[in-house]
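What follows is a single structure, written as structure tokens, with notes after it.
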Amino acid sequence: MDNNFDVIVIGGGPGGYVCAIRSAQLGLKTACVESRGTLGGTCLNVGCIPSKSLLNLSENYHNVLKHYNGLGIEVKNVKLNLKKMMMRKEKSVSILTKGVEFLFKKNKITYLKGTGSIVSTNKVSVVSNGKKIDYNSKNIVISTGSKPSSLPKIDIDEKVIVSSTGALSFSKVPKNLIIIGGGYIGLEMGSIWKRLGSNITVIEFLDHIVPGMDQDISKEFLKILTKQGINFKLNSKVTRINVQRDNAIVEYINNQTSRKEIIEADNVLVAVGRKPNTKELNLDKLGIVCEKNGKVKVDKNFRTSKKNIYAIGDVIEGPMLAHKAGEEGIAVAEIISGQAGNVNYEVIPGVIYTSPEVATVGKTEAELLKKGVKYKIGKFPFLANSRAKVNENAEGFVKILSGYKTDKVLGVHMLGPNVGDLIGEIALAMEFGASSEDIARTCHAHPTYSEAIKEAALAVDKRAIHF
């Protein structure tokens, strides 16, 4: 095999494999290094995809158990087969990871299995089964993703104290599960295991869940999850976890009262964020500059302090989202080939795949207030949406923020059914600089959940029809 390439991408996750495919499409001789043994990174293997599989399967189980009888669908002797459910999850993962490998073959990308490190500005070393091979490349792209963070003096053993990886593979339903962190990952995992029979307690350091999200959404979301039976300990700091006889004893302090509390559980999920995975890359010796938080410093064209070495995805600043990494992967490939690759960070959506879902894009009220931007608000509840009502799925609302004078859409925040799909309409509208008036004058099919977006846009100027 010829060991000389135009581009070597280190990391085969949603940023890396997309970058490799786009590079190959543009005629660049491309290789991708991946140590996991399967492509797709955290997202496909132990993140986005398996979690969404379990969210879907657990919701189906919960609905059969709790809701269908009231809808005239009588089901008896409902039984959970967790082993079969996990097998279904693994099958979904396998199909998708093999699909990425097929795309590599289709696009004539060299797949290098092993751990990659950067030897020099034009050389990558790959170690596999104790054997090291060096490869030369005109350009190198760092896309090694991230790994779970923990708290001081708390060791994740993936048995009793687990990360999201361990929480996706429990062999039995924990009777009691404590989740440290009330963000995206913690709440999705809590929803899965609550539906399957666990008692869930979420311990969050702040006085609200999903930090950084619109406060109206956060407050209503907390009410809904509490109603579903998830317990919350807000304003609380975990100080210690003792593992005794395969049980975890968690000690925490209320930040307001300084009162110490103790709670016991079968398992503890530590979901306090993620950190860049750059340890094996040899960045220090190369003189590649990193931020204080460990993320690689890049310019507007994703170049590191070495002009032919680029970085994308979770290893650089910005939200740790698969779709953000993918957009950056495409942009970098196009920049390397001489095109004008670009990512519009103002319209990167975020979604929490609970039930109901949460979806957000653009600025929050807090961000607009901080910048002194005057704005208008339009809100519309799914309770007044006919499709949501007939489907017995009417919790939540759509909230649109637009410029006070310009009416340009600045941010949209949604809590409700299928909003993870609905947010795409808003991202497209914002990409084209749409106003709330543009959305309000766009005909939406009836009856659909998307009508709630139109009504919220009408509500910006206090002319909603159905509320």
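Please note that chains go A, B, ... in the order of the structure tokens, that every chain numbers its residues from 1, and that ligands are numbered from 1 in the order shown.
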Quiz item: Hey, what does DSSP flag as helix (DSSP H, G or I) within segment 28-213 of chain A? Can you give it to me as a VMD selection string?
Solution: chain A and resid 41 to 46 48 to 66 68 to 71 82 to 106 164 to 167 184 to 195
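Non-sequential neighbours of Phe382 of chain A (distance at most 7 Å, separation of 3 or more positions within a chain, only C-alpha atoms) are Asn385, Ala388, Ala394, Glu395, Gly396, Phe397, Gly416 and Ala452 of chain A.
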Given the selection you just returned, output its residues as a file containing C-alpha atoms, formatted as a PDB file, in the first residue's frame.
ATOM      1  CA  ASN A 385     -52.621  22.063  18.393  1.00  0.00           C
ATOM      2  CA  ALA A 388     -51.140  16.967  19.417  1.00  0.00           C
ATOM      3  CA  ALA A 394     -50.054  17.849  23.927  1.00  0.00           C
ATOM      4  CA  GLU A 395     -47.459  18.879  26.528  1.00  0.00           C
ATOM      5  CA  GLY A 396     -45.104  21.757  25.852  1.00  0.00           C
ATOM      6  CA  PHE A 397     -44.970  24.790  23.566  1.00  0.00           C
ATOM      7  CA  GLY A 416     -43.189  18.933  22.736  1.00  0.00           C
ATOM      8  CA  ALA A 452     -47.597  25.164  16.275  1.00  0.00           C
TER       9      ALA A 452
END
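Straight-line separation from atom CA of Ser51 of chain A to atom CA of Phe221 of chain A: 19.5 Å.
Distances here use only C-alpha atoms; by that measure, the residue among A:Lys172, A:Lys405, A:Arg274, A:Arg36 closest to Ser150 of chain A is A:Arg274.
We find atom CA of Asn391 of chain A and atom CA of Leu55 of chain A to be spaced 19.0 Å apart.
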Exercise. Take atom CA of Pro14 of chain A and atom CA of Cys43 of chain A and report the distance between them in Å, one decimal.
Key: 7.0 Å
List the spatial neighbours of Gly47 of chain A as a compact mmCIF listing (two decimals) with C-alpha atoms, in the first residue's frame - criterion: any atom at most 12 Å away, only C-alpha atoms, same-chain residues fewer than 2 positions off excluded.
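Result saved to part-v3.txt:
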# COMPACT_ATOMS: atom_id res chain seq x y z
CA GLY A 13 -16.56 9.60 14.32
CA PRO A 14 -19.29 11.79 12.80
CA GLY A 40 -18.80 6.00 13.73
CA GLY A 41 -17.07 7.11 16.92
CA THR A 42 -18.87 7.64 20.22
CA CYS A 43 -22.04 8.72 18.42
CA LEU A 44 -22.72 5.52 16.50
CA ASN A 45 -21.16 3.07 18.95
CA ILE A 49 -27.49 5.92 18.12
CA PRO A 50 -27.70 3.31 20.92
CA SER A 51 -29.30 5.86 23.25
CA LYS A 52 -31.96 6.76 20.67
CA SER A 53 -32.61 3.07 20.08
CA LEU A 54 -33.23 2.53 23.80
CA LEU A 55 -35.26 5.73 24.09
CA LYS A 89 -29.89 -1.86 20.14
CA GLU A 90 -26.63 -3.61 19.21
CA VAL A 93 -25.44 0.01 15.91
CA GLY A 145 -13.81 13.37 19.76
CA SER A 146 -14.32 13.38 23.50
CA LYS A 147 -14.68 11.12 26.52
CA PRO A 148 -16.82 11.36 29.68
CA SER A 163 -20.56 6.82 32.38
CA SER A 164 -23.16 7.00 29.62
CA THR A 165 -21.37 4.03 28.01
CA GLY A 166 -22.09 1.80 31.01
CA ALA A 167 -25.63 3.16 31.37
CA LEU A 168 -26.41 1.93 27.84
CA SER A 169 -25.49 -1.65 28.72
CA TYR A 184 -28.88 16.25 27.89
CA ILE A 185 -27.21 12.89 28.59
CA GLU A 188 -32.11 10.94 28.33
CA MET A 189 -30.59 8.09 30.34
CA ARG A 274 -17.24 15.46 28.34
CA MET A 320 -20.21 18.77 21.56
CA LEU A 321 -22.75 17.62 18.98
CA ALA A 322 -22.38 15.06 16.22
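Closest approach to Gly378 of chain A among A:Thr144, A:Ser436, A:Asn282, A:Asn199 is made by A:Ser436 (distances from only C-alpha atoms).
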Quiz item: From the set A:Val296, A:Leu112, A:Ile316, A:Leu410, which residue has the shortest atom-to-atom contact distance to Val373 of chain A, counting only C-alpha atoms?
Solution: A:Leu410
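With only C-alpha atoms as the atoms that count, the minimum distance from Val272 of chain A to the choices A:Glu204, A:Glu34, A:Asp155, A:Glu392 is reached by A:Glu204.
Distance annotation: of A:Cys443, A:Leu281, A:Val361, A:Leu368, the residue with the minimal separation from Gly424 of chain A is A:Val361; atom set is only C-alpha atoms.
Among the candidates A:Asn308, A:Gln339, A:Ser23, A:Asn344, the residue lying nearest to Ser120 of chain A is A:Asn308 (atoms considered: only C-alpha atoms).
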